[in-house]
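Visitor: Contents are TSV, C-alpha atoms and all ligand atoms; file name work-v1.tsv:
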```
chain	number	residue	atom	x	y	z
A	819	MET	CA	-55.89	58.47	-17.11
A	820	THR	CA	-55.91	55.43	-14.88
A	821	ASP	CA	-58.78	53.04	-14.37
A	822	ILE	CA	-57.83	52.58	-10.70
A	823	GLY	CA	-60.74	53.44	-8.45
A	824	MET	CA	-63.31	53.10	-11.24
A	825	HIS	CA	-66.36	50.95	-10.74
A	826	VAL	CA	-65.83	47.72	-12.65
A	827	LEU	CA	-68.94	48.40	-14.74
A	828	GLU	CA	-67.34	51.61	-16.03
A	829	LEU	CA	-64.49	49.73	-17.70
A	830	ASP	CA	-64.38	49.61	-21.46
A	831	THR	CA	-65.18	46.18	-22.83
A	832	PRO	CA	-64.29	43.42	-23.23
A	833	ALA	CA	-62.30	43.57	-19.98
A	834	LEU	CA	-60.89	40.72	-17.94
A	835	TRP	CA	-61.20	41.16	-14.19
A	836	VAL	CA	-60.67	39.15	-11.06
A	837	ASP	CA	-62.57	39.48	-7.81
A	838	LEU	CA	-59.67	39.87	-5.37
A	839	ASP	CA	-61.60	38.71	-2.31
A	840	ILE	CA	-62.71	35.52	-4.02
A	841	MET	CA	-59.26	34.86	-5.51
A	842	ASP	CA	-57.68	35.36	-2.07
A	843	LYS	CA	-60.16	32.88	-0.59
A	844	ASN	CA	-59.35	30.37	-3.32
A	845	ILE	CA	-55.62	30.79	-2.66
A	846	THR	CA	-56.16	30.27	1.07
A	847	CYS	CA	-58.34	27.26	0.38
A	848	LEU	CA	-55.74	25.57	-1.85
A	849	ALA	CA	-52.81	26.47	0.40
A	850	GLY	CA	-54.67	25.14	3.44
A	851	TYR	CA	-55.41	21.90	1.68
A	852	PHE	CA	-51.76	21.20	0.98
A	853	ASN	CA	-50.45	22.36	4.33
A	854	LYS	CA	-52.95	20.08	6.01
A	855	ASP	CA	-51.89	17.18	3.87
A	856	GLY	CA	-48.16	17.50	4.34
A	857	VAL	CA	-47.65	17.73	0.59
A	858	SER	CA	-45.91	20.81	-0.78
A	859	TRP	CA	-47.62	23.15	-3.21
A	860	ARG	CA	-45.91	24.24	-6.42
A	861	PRO	CA	-48.80	25.85	-8.31
A	862	HIS	CA	-48.81	25.93	-12.08
A	863	THR	CA	-48.86	29.51	-13.37
A	864	LYS	CA	-49.32	28.70	-17.06
A	865	GLY	CA	-52.81	30.20	-16.89
A	866	ILE	CA	-52.02	32.87	-14.30
A	867	LYS	CA	-49.14	34.57	-16.13
A	868	ILE	CA	-48.73	37.44	-13.64
A	869	PRO	CA	-45.70	37.50	-11.28
A	870	ALA	CA	-47.55	39.57	-8.65
A	871	ILE	CA	-50.15	36.80	-8.34
A	872	ALA	CA	-47.39	34.18	-8.21
A	873	HIS	CA	-45.99	36.09	-5.22
A	874	LYS	CA	-49.39	35.84	-3.52
A	875	LEU	CA	-49.21	32.06	-3.94
A	876	LEU	CA	-45.75	31.99	-2.33
A	877	ASP	CA	-46.94	34.25	0.48
A	878	ALA	CA	-49.75	31.76	1.11
A	879	GLY	CA	-47.30	28.86	1.48
A	880	ALA	CA	-46.35	27.61	-1.99
A	881	ILE	CA	-42.73	26.43	-2.09
A	882	GLY	CA	-42.22	27.59	-5.66
A	883	ILE	CA	-44.11	27.69	-8.92
A	884	THR	CA	-44.51	25.60	-12.05
A	885	CYS	CA	-44.32	27.08	-15.56
A	886	ALA	CA	-45.09	25.55	-18.93
A	887	LYS	CA	-42.56	27.46	-21.00
A	888	LEU	CA	-39.04	28.74	-20.58
A	889	SER	CA	-40.18	32.24	-21.55
A	890	GLU	CA	-42.86	32.16	-18.82
A	891	ALA	CA	-40.16	31.14	-16.36
A	892	GLU	CA	-38.03	34.07	-17.57
A	893	VAL	CA	-40.91	36.45	-16.85
A	894	MET	CA	-41.46	34.96	-13.40
A	895	ALA	CA	-37.73	35.06	-12.59
A	896	ALA	CA	-37.57	38.70	-13.69
A	897	GLY	CA	-40.49	39.25	-11.31
A	898	GLY	CA	-38.40	37.91	-8.43
A	899	ILE	CA	-39.56	34.27	-8.23
A	900	LYS	CA	-36.66	31.98	-7.40
A	901	ASP	CA	-37.87	28.38	-7.29
A	902	ILE	CA	-39.38	27.49	-10.66
A	903	LEU	CA	-40.16	24.16	-12.27
A	904	ILE	CA	-40.48	24.23	-16.06
A	905	ALA	CA	-42.71	21.19	-16.40
A	906	ASN	CA	-41.73	20.65	-20.00
A	907	GLN	CA	-38.72	19.79	-22.09
A	908	VAL	CA	-36.32	22.61	-23.00
A	909	VAL	CA	-34.80	21.48	-26.26
A	910	GLY	CA	-32.31	22.92	-28.78
A	911	GLU	CA	-29.18	25.03	-28.43
A	912	THR	CA	-30.94	28.40	-28.21
A	913	LYS	CA	-33.29	27.32	-25.45
A	914	VAL	CA	-30.67	25.34	-23.55
A	915	ASN	CA	-28.45	28.43	-23.47
A	916	ARG	CA	-31.38	30.52	-22.25
A	917	LEU	CA	-32.11	27.92	-19.57
A	918	VAL	CA	-28.55	28.03	-18.27
A	919	ASN	CA	-28.60	31.82	-18.42
A	920	LEU	CA	-31.81	31.81	-16.38
A	921	ARG	CA	-30.14	29.55	-13.84
A	922	HIS	CA	-28.05	32.60	-12.83
A	923	HIS	CA	-31.25	34.36	-11.74
A	924	ALA	CA	-33.45	31.56	-10.40
A	925	ASP	CA	-33.07	28.00	-9.17
A	926	VAL	CA	-34.93	26.74	-12.18
A	927	MET	CA	-35.75	23.05	-12.61
A	928	VAL	CA	-36.60	21.40	-15.91
A	929	ALA	CA	-38.28	18.20	-17.11
A	930	VAL	CA	-36.28	15.76	-19.23
A	931	ASP	CA	-37.14	12.54	-21.01
A	932	ASP	CA	-34.26	12.31	-23.48
A	933	ILE	CA	-30.64	11.61	-22.66
A	934	GLY	CA	-29.30	13.69	-25.58
A	935	ASN	CA	-31.23	16.69	-24.30
A	936	ALA	CA	-29.92	16.07	-20.77
A	937	VAL	CA	-26.34	15.89	-22.10
A	938	ASP	CA	-26.84	19.22	-23.91
A	939	ILE	CA	-28.12	20.87	-20.72
A	940	SER	CA	-25.31	19.37	-18.68
A	941	LYS	CA	-22.61	20.60	-21.09
A	942	ALA	CA	-24.04	24.11	-21.23
A	943	ALA	CA	-24.35	24.26	-17.44
A	944	GLU	CA	-20.86	22.89	-16.91
A	945	GLN	CA	-19.40	25.59	-19.12
A	946	VAL	CA	-20.60	28.23	-16.68
A	947	GLY	CA	-19.85	26.17	-13.59
A	948	LEU	CA	-23.47	25.53	-12.61
A	949	LYS	CA	-25.79	22.58	-12.24
A	950	VAL	CA	-29.37	22.51	-13.47
A	951	ARG	CA	-31.91	20.59	-11.39
A	952	THR	CA	-33.93	18.16	-13.50
A	953	LEU	CA	-37.00	16.04	-12.97
A	954	ILE	CA	-37.42	12.97	-15.14
A	955	GLU	CA	-40.84	13.24	-16.77
A	956	LEU	CA	-42.94	10.09	-16.91
A	957	ASP	CA	-46.00	9.41	-19.03
A	958	SER	CA	-48.40	8.18	-16.38
A	959	GLY	CA	-51.21	7.65	-18.89
A	960	MET	CA	-51.82	11.02	-20.51
A	961	GLN	CA	-49.82	10.00	-23.56
A	962	ARG	CA	-47.98	13.29	-23.86
A	963	CYS	CA	-44.26	13.62	-23.07
A	964	GLY	CA	-42.35	11.37	-20.69
A	965	LEU	CA	-40.74	7.99	-20.31
A	966	GLN	CA	-42.93	5.00	-19.59
A	967	PRO	CA	-42.90	4.36	-15.83
A	968	GLY	CA	-41.05	1.29	-14.54
A	969	PRO	CA	-37.57	-0.21	-14.29
A	970	ASN	CA	-36.29	1.44	-17.51
A	971	VAL	CA	-36.40	4.78	-15.69
A	972	VAL	CA	-33.78	3.53	-13.20
A	973	GLU	CA	-31.22	3.21	-15.98
A	974	PHE	CA	-32.11	6.67	-17.31
A	975	ALA	CA	-31.83	8.15	-13.80
A	976	ARG	CA	-28.41	6.56	-13.35
A	977	LYS	CA	-27.21	8.16	-16.58
A	978	LEU	CA	-28.41	11.56	-15.33
A	979	THR	CA	-26.53	11.19	-12.07
A	980	ASP	CA	-23.35	10.73	-14.12
A	981	LEU	CA	-23.78	14.09	-15.89
A	982	PRO	CA	-21.71	16.82	-14.20
A	983	GLY	CA	-24.00	19.73	-15.10
A	984	ILE	CA	-27.20	18.01	-13.97
A	985	GLN	CA	-28.62	17.52	-10.51
A	986	LEU	CA	-31.30	14.85	-10.55
A	987	ALA	CA	-34.02	16.29	-8.32
A	988	GLY	CA	-36.75	13.70	-8.83
A	989	LEU	CA	-39.62	12.56	-11.01
A	990	MET	CA	-42.72	14.27	-12.37
A	991	ALA	CA	-45.83	13.36	-14.35
A	992	TRP	CA	-49.12	15.04	-15.18
A	993	GLU	CA	-52.15	12.76	-15.14
A	994	GLY	CA	-54.31	15.21	-17.10
A	995	HIS	CA	-56.32	12.38	-18.66
A	996	VAL	CA	-58.13	11.72	-15.36
A	997	CYS	CA	-59.59	15.22	-14.88
A	998	LYS	CA	-62.61	14.75	-17.09
A	999	ILE	CA	-63.66	11.35	-15.73
A	1000	GLU	CA	-67.12	11.97	-14.28
A	1001	ASP	CA	-67.66	8.84	-12.23
A	1002	ALA	CA	-66.00	9.56	-8.86
A	1003	ALA	CA	-64.92	5.97	-8.15
A	1004	GLU	CA	-63.50	5.57	-11.64
A	1005	LYS	CA	-61.66	8.89	-11.38
A	1006	LYS	CA	-60.14	7.85	-8.05
A	1007	ALA	CA	-59.09	4.48	-9.46
A	1008	GLN	CA	-57.54	5.99	-12.60
A	1009	THR	CA	-55.74	8.71	-10.61
A	1010	GLU	CA	-54.37	6.15	-8.19
A	1011	LYS	CA	-53.22	4.02	-11.11
A	1012	ALA	CA	-51.48	6.93	-12.85
A	1013	VAL	CA	-49.89	8.48	-9.78
A	1014	GLY	CA	-49.17	5.00	-8.40
A	1015	SER	CA	-46.97	4.32	-11.44
A	1016	LEU	CA	-45.02	7.51	-10.69
A	1017	VAL	CA	-44.59	6.73	-7.00
A	1018	HIS	CA	-43.64	3.12	-7.77
A	1019	THR	CA	-40.97	4.26	-10.22
A	1020	ALA	CA	-39.55	6.60	-7.58
A	1021	LYS	CA	-39.36	3.60	-5.23
A	1022	LEU	CA	-37.50	1.55	-7.86
A	1023	CYS	CA	-34.95	4.35	-8.28
A	1024	ARG	CA	-34.44	4.67	-4.53
A	1025	GLU	CA	-34.02	0.91	-4.17
A	1026	ALA	CA	-31.26	1.20	-6.76
A	1027	GLY	CA	-29.56	3.79	-4.56
A	1028	ILE	CA	-30.63	6.87	-6.54
A	1029	ALA	CA	-31.96	9.78	-4.50
A	1030	ILE	CA	-35.40	11.01	-5.60
A	1031	PRO	CA	-36.31	13.93	-3.33
A	1032	ILE	CA	-39.19	15.25	-5.47
A	1033	VAL	CA	-42.22	13.33	-6.77
A	1034	SER	CA	-44.39	15.93	-8.49
A	1035	CYS	CA	-47.80	15.69	-10.17
A	1036	GLY	CA	-51.39	16.82	-9.71
A	1037	GLY	CA	-53.58	19.66	-10.95
A	1038	THR	CA	-56.74	21.50	-9.98
A	1039	GLY	CA	-58.79	18.80	-11.68
A	1040	ASP	CA	-57.54	15.93	-9.48
A	1041	PHE	CA	-55.48	17.15	-6.51
A	1042	ARG	CA	-58.01	16.00	-3.94
A	1043	ILE	CA	-57.09	12.49	-4.96
A	1044	SER	CA	-53.46	12.82	-6.09
A	1045	ALA	CA	-52.34	14.81	-3.02
A	1046	ASN	CA	-53.49	11.95	-0.79
A	1047	ILE	CA	-51.44	9.30	-2.49
A	1048	PRO	CA	-48.47	8.41	-0.28
A	1049	GLY	CA	-45.15	9.16	-1.91
A	1050	VAL	CA	-46.24	12.34	-3.70
A	1051	THR	CA	-44.19	15.29	-2.43
A	1052	GLU	CA	-45.44	18.20	-4.56
A	1053	ILE	CA	-48.72	19.15	-6.25
A	1054	GLN	CA	-48.84	21.47	-9.27
A	1055	ALA	CA	-52.49	22.66	-9.02
A	1056	GLY	CA	-52.66	26.35	-9.91
A	1057	GLY	CA	-55.50	27.48	-12.17
A	1058	GLY	CA	-58.07	26.74	-9.46
A	1059	ILE	CA	-57.38	30.15	-7.91
A	1060	PHE	CA	-59.52	31.59	-10.71
A	1061	GLY	CA	-62.15	28.84	-10.56
A	1062	ASP	CA	-64.05	28.38	-13.83
A	1063	LEU	CA	-66.66	26.20	-15.45
A	1064	THR	CA	-64.20	23.55	-16.56
A	1065	TYR	CA	-62.70	23.21	-13.09
A	1066	GLN	CA	-66.22	23.06	-11.64
A	1067	LYS	CA	-67.00	20.22	-14.06
A	1068	TRP	CA	-63.81	18.51	-12.96
A	1069	GLY	CA	-64.86	18.63	-9.30
A	1070	ALA	CA	-62.79	21.56	-7.99
A	1071	ASP	CA	-64.50	23.42	-5.15
A	1072	THR	CA	-62.85	26.81	-5.59
A	1073	GLN	CA	-65.25	29.62	-6.51
A	1074	PHE	CA	-65.48	31.60	-9.75
A	1075	SER	CA	-63.21	34.63	-9.35
A	1076	LEU	CA	-62.42	35.50	-12.98
A	1077	PHE	CA	-64.88	37.39	-15.17
A	1078	ILE	CA	-65.13	39.08	-18.53
A	1079	LEU	CA	-67.08	42.31	-18.66
A	1080	ALA	CA	-68.83	42.65	-22.02
A	1081	THR	CA	-71.38	45.01	-23.56
A	1082	ILE	CA	-74.62	44.14	-25.30
A	1083	CYS	CA	-73.92	45.59	-28.73
A	1084	SER	CA	-77.05	44.39	-30.56
A	1085	HIS	CA	-80.59	43.39	-29.62
A	1086	ALA	CA	-82.09	43.61	-33.06
A	1087	LEU	CA	-84.38	40.61	-32.75
A	1088	PRO	CA	-86.60	39.52	-29.84
A	1089	GLY	CA	-85.02	36.68	-27.90
A	1090	ARG	CA	-81.52	37.35	-29.19
A	1091	ALA	CA	-78.76	39.66	-28.01
A	1092	VAL	CA	-75.15	39.92	-29.06
A	1093	VAL	CA	-72.17	40.92	-26.90
A	1094	ASP	CA	-68.85	42.42	-27.99
A	1095	ALA	CA	-66.84	39.41	-26.78
A	1096	GLY	CA	-66.36	36.24	-28.76
A	1097	ARG	CA	-63.68	33.64	-29.27
A	1098	LYS	CA	-60.91	36.25	-29.26
A	1099	ALA	CA	-62.03	37.23	-25.74
A	1100	MET	CA	-62.54	33.79	-24.21
A	1101	ASN	CA	-62.05	30.13	-24.85
A	1102	VAL	CA	-65.13	28.03	-25.53
A	1103	GLU	CA	-63.54	24.70	-26.38
A	1104	TYR	CA	-63.64	23.13	-22.89
A	1105	SER	CA	-66.91	24.69	-21.61
A	1106	MET	CA	-69.33	27.25	-23.01
A	1107	PRO	CA	-69.13	30.45	-20.90
A	1108	ILE	CA	-72.17	31.57	-18.92
A	1109	VAL	CA	-73.59	34.95	-17.92
A	1110	ARG	CA	-73.20	35.62	-14.20
A	1111	ASP	CA	-76.43	36.10	-12.24
A	1112	CYS	CA	-78.61	35.82	-15.34
A	1113	PRO	CA	-79.99	32.35	-15.97
A	1114	GLY	CA	-82.36	33.78	-18.61
A	1115	ALA	CA	-79.48	34.53	-21.01
A	1116	LYS	CA	-77.58	31.65	-22.54
A	1117	PHE	CA	-74.68	31.68	-24.98
A	1118	VAL	CA	-75.67	29.74	-28.08
A	1119	ARG	CA	-72.98	30.82	-30.55
A	1120	MET	CA	-69.51	32.30	-30.45
A	1121	ALA	CA	-67.94	34.02	-33.42
A	1122	ALA	CA	-64.52	35.65	-33.44
A	1123	GLU	CA	-65.66	39.01	-32.08
A	1124	HIS	CA	-69.28	38.32	-31.06
A	1125	GLY	CA	-71.09	36.14	-28.56
A	1126	THR	CA	-74.75	35.42	-29.26
A	1127	LEU	CA	-77.15	35.06	-26.36
A	1128	GLN	CA	-80.54	33.44	-26.39
A	1129	LEU	CA	-82.85	35.28	-24.00
A	1130	ASP	CA	-85.96	34.02	-22.26
A	1131	ASP	CA	-89.04	36.29	-22.38
A	1132	GLU	CA	-88.42	37.98	-19.06
A	1133	THR	CA	-84.75	38.71	-19.79
A	1134	ASP	CA	-85.63	39.85	-23.30
A	1135	GLN	CA	-87.74	42.63	-21.78
A	1136	LEU	CA	-84.90	43.77	-19.52
A	1137	VAL	CA	-81.94	43.75	-21.92
A	1138	LYS	CA	-80.94	46.96	-23.72
A	1139	VAL	CA	-78.13	47.79	-26.11
A	1140	GLY	CA	-75.30	49.26	-24.04
A	1141	ASP	CA	-75.96	47.09	-20.96
A	1142	LYS	CA	-72.91	45.46	-19.48
A	1143	ILE	CA	-72.81	41.85	-18.38
A	1144	ASN	CA	-70.30	39.69	-16.56
A	1145	ILE	CA	-69.31	36.42	-18.15
A	1146	ILE	CA	-67.85	33.42	-16.35
A	1147	PRO	CA	-65.25	32.00	-18.74
A	1148	GLY	CA	-65.13	28.34	-19.68
A	1149	TYR	CA	-61.43	27.76	-19.01
A	1150	GLU	CA	-59.06	30.31	-17.47
A	1151	ASP	CA	-55.93	28.71	-18.91
A	1152	LEU	CA	-57.04	29.54	-22.45
A	1153	THR	CA	-58.55	32.94	-21.59
A	1154	VAL	CA	-56.16	35.06	-19.49
A	1155	PHE	CA	-53.46	35.02	-22.17
A	1156	LEU	CA	-55.85	36.74	-24.61
A	1157	TYR	CA	-55.66	39.99	-22.62
A	1158	ASP	CA	-53.02	42.69	-22.06
A	1159	LYS	CA	-54.40	43.56	-18.63
A	1160	LEU	CA	-56.13	41.89	-15.72
A	1161	TYR	CA	-58.13	44.23	-13.49
A	1162	GLY	CA	-58.10	43.34	-9.79
A	1163	VAL	CA	-61.45	44.40	-8.31
A	1164	ARG	CA	-62.59	44.59	-4.69
A	1165	ASN	CA	-66.08	45.62	-3.61
A	1166	GLY	CA	-66.84	46.60	-7.20
A	1167	LYS	CA	-63.88	49.00	-7.54
A	1168	VAL	CA	-60.68	48.56	-9.54
A	1169	GLU	CA	-57.91	48.22	-6.96
A	1170	VAL	CA	-54.99	47.09	-9.12
A	1171	ILE	CA	-54.21	46.63	-12.80
A	1172	TRP	CA	-51.81	43.85	-13.67
A	1173	GLU	CA	-50.09	43.53	-17.01
A	1174	VAL	CA	-50.45	39.94	-18.23
A	1175	GLN	CA	-46.69	39.63	-18.50
A	1176	GLY	CA	-46.71	35.99	-19.53
A	1177	ARG	CA	-48.90	36.78	-22.53
A	1178	GLY	CA	-47.38	35.63	-25.81
A	1179	LYS	CA	-44.56	33.81	-24.01
A	1180	LEU	CA	-44.60	30.70	-26.13
A	1181	THR	CA	-40.91	29.92	-26.55
B	1201	LIG	C1	-47.60	19.70	-16.20
B	1201	LIG	C2	-48.93	20.13	-15.67
B	1201	LIG	N1	-49.16	20.06	-14.34
B	1201	LIG	C3	-50.33	20.44	-13.81
B	1201	LIG	C4	-51.35	20.91	-14.61
B	1201	LIG	C5	-52.63	21.34	-13.96
B	1201	LIG	O1	-52.66	22.72	-13.83
B	1201	LIG	P1	-53.93	23.49	-13.28
B	1201	LIG	O2	-54.04	23.19	-11.84
B	1201	LIG	O3	-53.59	24.93	-13.53
B	1201	LIG	O4	-55.10	23.02	-14.07
B	1201	LIG	C6	-51.17	20.97	-16.00
B	1201	LIG	C7	-52.27	21.43	-16.85
B	1201	LIG	O5	-52.25	21.47	-18.04
B	1201	LIG	C8	-49.92	20.59	-16.54
B	1201	LIG	O6	-49.69	20.66	-17.86
```
Show me the file's structure as structure tokens.

Guide:
Amino acid sequence: MTDIGMHVLELDTPALWVDLDIMDKNITCLAGYFNKDGVSWRPHTKGIKIPAIAHKLLDAGAIGITCAKLSEAEVMAAGGIKDILIANQVVGETKVNRLVNLRHHADVMVAVDDIGNAVDISKAAEQVGLKVRTLIELDSGMQRCGLQPGPNVVEFARKLTDLPGIQLAGLMAWEGHVCKIEDAAEKKAQTEKAVGSLVHTAKLCREAGIAIPIVSCGGTGDFRISANIPGVTEIQAGGGIFGDLTYQKWGADTQFSLFILATICSHALPGRAVVDAGRKAMNVEYSMPIVRDCPGAKFVRMAAEHGTLQLDDETDQLVKVGDKINIIPGYEDLTVFLYDKLYGVRNGKVEVIWEVQGRGKLT
């Protein structure tokens, strides 16, 4: 039996669903922002994980997609996506061979910050007569991977241009440390500083005669600032199509489109109800989830399988065991991958069921 055509409230719980109209609006909103700005859009799909949705992003104007992992890129390539940036290092013989293999199916690009790794990729690519596009990753302040910005990158870039199996395509960085800055002026200043170091390094490379076509950065939490910094050519913002409480906190203006349907499984005490969805059904680390359209019910505790709600007097009178509620998750990136399926819902009815194909793709 299929769930297609069912009312969303009839689904068994917990169930992850997306409001297709709202998601479409969010996609249009993001795409419009970048088109208007003259900066290309290469949305990150690390939280999206579904090739069919990635195709919607391309249809809306994205030039390609960004993935976190090689295995996610493999899923997207198998789903027909051609232009893919793996915004991470692909290290070790097994992965390098997979990367070169994938190059036969998609024009995949990869981040590098180590010359030994670049040599390995180049050798493997050369053996099959291909080149792999690479972006040099810089650490623009997040203190994750990447070379420190500045003149040292010019030398590294020159070495890459000497490698026969590598095509240096540009520079990338992810200024994730700025997203949570609350003060708007401070956030702007810190974003400009971080992205400025990336753009400046691209300029140094170009002055040394090295072509840097791509300068890539930006996410849902900061693109309104980063996309306006001259010299940036691509923005990686992706998760905003689902909206969520963390993105809202970080200043994104896309709307909530992703929900978890859950069932009240216990109301044994006045003022307290428990739902059948806990930490295994949603992430609570970045923001505590909230109940949609029900300010009188507030999550106060999350166990592995249970979420505990505190109810105000009025809500307490209304709630019954067996009721279904919709939850707005705290952070989509750490929620979608917990599910096998994502239900696409329009006007309350299940219109499409997507397998979360990128689930478990960690390698
Ligand atoms: C490399 C990279 N780019 C961009 C982003 C922002 O992605 P999103 O817009 O989905 O939050 C992230 C988030 O972790 C990232 O790791």

Visitor: Wanna dump the chain A-ligand LIG 1201 (chain B) contacts at 8 Å for me, each residue with its shortest atom pair and the distance in Å to one decimal, counting all atoms listed in the file, ordered by chain and number, as JSON lines?

Guide:
```
{"residue": "A:Pro861", "atom": "CA", "partner": "B:LIG1201", "partner_atom": "O2", "distance": 6.9}
{"residue": "A:His862", "atom": "CA", "partner": "B:LIG1201", "partner_atom": "O3", "distance": 5.1}
{"residue": "A:Thr863", "atom": "CA", "partner": "B:LIG1201", "partner_atom": "O3", "distance": 6.6}
{"residue": "A:Lys864", "atom": "CA", "partner": "B:LIG1201", "partner_atom": "O3", "distance": 6.7}
{"residue": "A:Gly865", "atom": "CA", "partner": "B:LIG1201", "partner_atom": "O3", "distance": 6.3}
{"residue": "A:Thr884", "atom": "CA", "partner": "B:LIG1201", "partner_atom": "N1", "distance": 7.6}
{"residue": "A:Ala886", "atom": "CA", "partner": "B:LIG1201", "partner_atom": "O6", "distance": 6.8}
{"residue": "A:Ala905", "atom": "CA", "partner": "B:LIG1201", "partner_atom": "C1", "distance": 5.1}
{"residue": "A:Asn906", "atom": "CA", "partner": "B:LIG1201", "partner_atom": "C1", "distance": 7.1}
{"residue": "A:Ala991", "atom": "CA", "partner": "B:LIG1201", "partner_atom": "C1", "distance": 6.8}
{"residue": "A:Trp992", "atom": "CA", "partner": "B:LIG1201", "partner_atom": "C1", "distance": 5.0}
{"residue": "A:Glu993", "atom": "CA", "partner": "B:LIG1201", "partner_atom": "N1", "distance": 7.9}
{"residue": "A:Gly994", "atom": "CA", "partner": "B:LIG1201", "partner_atom": "C7", "distance": 6.6}
{"residue": "A:Cys1035", "atom": "CA", "partner": "B:LIG1201", "partner_atom": "N1", "distance": 6.2}
{"residue": "A:Gly1036", "atom": "CA", "partner": "B:LIG1201", "partner_atom": "C3", "distance": 5.6}
{"residue": "A:Gly1037", "atom": "CA", "partner": "B:LIG1201", "partner_atom": "C5", "distance": 3.6}
{"residue": "A:Thr1038", "atom": "CA", "partner": "B:LIG1201", "partner_atom": "O2", "distance": 3.7}
{"residue": "A:Gly1039", "atom": "CA", "partner": "B:LIG1201", "partner_atom": "O4", "distance": 6.1}
{"residue": "A:Ile1053", "atom": "CA", "partner": "B:LIG1201", "partner_atom": "C3", "distance": 7.8}
{"residue": "A:Gln1054", "atom": "CA", "partner": "B:LIG1201", "partner_atom": "C3", "distance": 4.9}
{"residue": "A:Ala1055", "atom": "CA", "partner": "B:LIG1201", "partner_atom": "O2", "distance": 3.3}
{"residue": "A:Gly1056", "atom": "CA", "partner": "B:LIG1201", "partner_atom": "O2", "distance": 4.0}
{"residue": "A:Gly1057", "atom": "CA", "partner": "B:LIG1201", "partner_atom": "O3", "distance": 3.5}
{"residue": "A:Gly1058", "atom": "CA", "partner": "B:LIG1201", "partner_atom": "O2", "distance": 5.9}
{"residue": "A:Tyr1065", "atom": "CA", "partner": "B:LIG1201", "partner_atom": "O4", "distance": 7.7}
{"residue": "A:Asp1151", "atom": "CA", "partner": "B:LIG1201", "partner_atom": "O3", "distance": 7.0}
```

Visitor: Atoms to include: C-alpha atoms. Write the selected residues as a CSV table (one decimal), keeping the file's coordinate frame.

Guide:
```csv
chain,number,residue,atom,x,y,z
A,861,PRO,CA,-48.8,25.8,-8.3
A,862,HIS,CA,-48.8,25.9,-12.1
A,863,THR,CA,-48.9,29.5,-13.4
A,864,LYS,CA,-49.3,28.7,-17.1
A,865,GLY,CA,-52.8,30.2,-16.9
A,884,THR,CA,-44.5,25.6,-12.0
A,886,ALA,CA,-45.1,25.6,-18.9
A,905,ALA,CA,-42.7,21.2,-16.4
A,906,ASN,CA,-41.7,20.6,-20.0
A,991,ALA,CA,-45.8,13.4,-14.4
A,992,TRP,CA,-49.1,15.0,-15.2
A,993,GLU,CA,-52.2,12.8,-15.1
A,994,GLY,CA,-54.3,15.2,-17.1
A,1035,CYS,CA,-47.8,15.7,-10.2
A,1036,GLY,CA,-51.4,16.8,-9.7
A,1037,GLY,CA,-53.6,19.7,-11.0
A,1038,THR,CA,-56.7,21.5,-10.0
A,1039,GLY,CA,-58.8,18.8,-11.7
A,1053,ILE,CA,-48.7,19.2,-6.2
A,1054,GLN,CA,-48.8,21.5,-9.3
A,1055,ALA,CA,-52.5,22.7,-9.0
A,1056,GLY,CA,-52.7,26.4,-9.9
A,1057,GLY,CA,-55.5,27.5,-12.2
A,1058,GLY,CA,-58.1,26.7,-9.5
A,1065,TYR,CA,-62.7,23.2,-13.1
A,1151,ASP,CA,-55.9,28.7,-18.9
```

Visitor: Pick out the residues sitting within 12 Å of Lys900 in chain A, and hand them over as number ranges by chain; count all atoms listed in the file, and ignore anything fewer than 5 positions along from it in its own chain.

Guide: A: 869, 872-873, 876, 880-884, 891-895, 920-927

Visitor: Tell me, as a VMD selection string, which residues lie within 9 Å of Ile1043 in chain A, counting all atoms listed in the file; anything in the same chain fewer than 2 positions away does not count.

Guide: chain A and resid 1005 to 1006 1009 to 1010 1036 1040 to 1041 1045 to 1047

Visitor: Tell me, in Å to one decimal, how far CA of Gln966 in chain A is from CA of Val908 in chain A.

Guide: 19.1 Å

Visitor: Please list as a ChimeraX atom specification every residue within 8 Å of Ile954 in chain A, counting only C-alpha atoms and excluding residues in the same chain fewer than 6 positions away.

Guide: /A:929-931,964-965,975,986,988-990

Visitor: When you draw a straight line from CA of Lys867 in chain A to CA of Asp842 in chain A, how long is it in Å?

Guide: 16.5 Å

Visitor: Fewer than 6 positions away in the same chain doesn't count, so skip those; otherwise give me all residues within 10 Å of Tyr1104 in chain A, counting all atoms listed in the file, as a ChimeraX atom specification.

Guide: /A:1063-1065,1067,1147-1149,1152

Visitor: Between A:Met960, A:Val1092, A:Ile1059, A:Ile1143, single out the one closest to Gln1073 in chain A, counting all atoms listed in the file.

Guide: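 Selected residue with least distance to Gln1073 in chain A: A:Ile1059.
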
Visitor: Neighbours of His1018 in chain A within 9 Å (all atoms listed in the file; same-chain residues fewer than 3 positions away dropped), as a PyMOL selection string?

Guide: chain A and resi 967-968+1013-1015+1021-1023+1049

Visitor: Go through A:Ile933, A:Leu888, A:Val1050, A:Leu834 and flag the residue nearest Val857 in chain A, using only C-alpha atoms for the distances.

Guide: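 With only C-alpha atoms as the atom set, the closest residue is A:Val1050.
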
Visitor: Here is a test: counting all atoms listed in the file, which residue of A:Arg1119, A:Arg916, A:Lys854, A:His825 is nearest to Thr1181 in chain A?

Guide: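 Under the stated criterion, the closest residue is A:Arg916.
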
Visitor: Could you tell me how far CA of Ser858 in chain A sits from CA of Trp835 in chain A, in Å to one decimal place?

Guide: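 That distance, rounded to one decimal, is 28.8 Å.
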
Visitor: Using the file's own x, y and z axes, so that the box edges lie along x, y and z, what centre and edge lengths in Å (one decimal) does a box around every listed atom of range 1130-1138 of chain A get when 3 Å is added on each side? Give it as lines of an AutoDock Vina configuration file.

Guide:
```
center_x = -85.0
center_y = 40.5
center_z = -21.4
size_x = 14.1
size_y = 18.9
size_z = 10.7
```
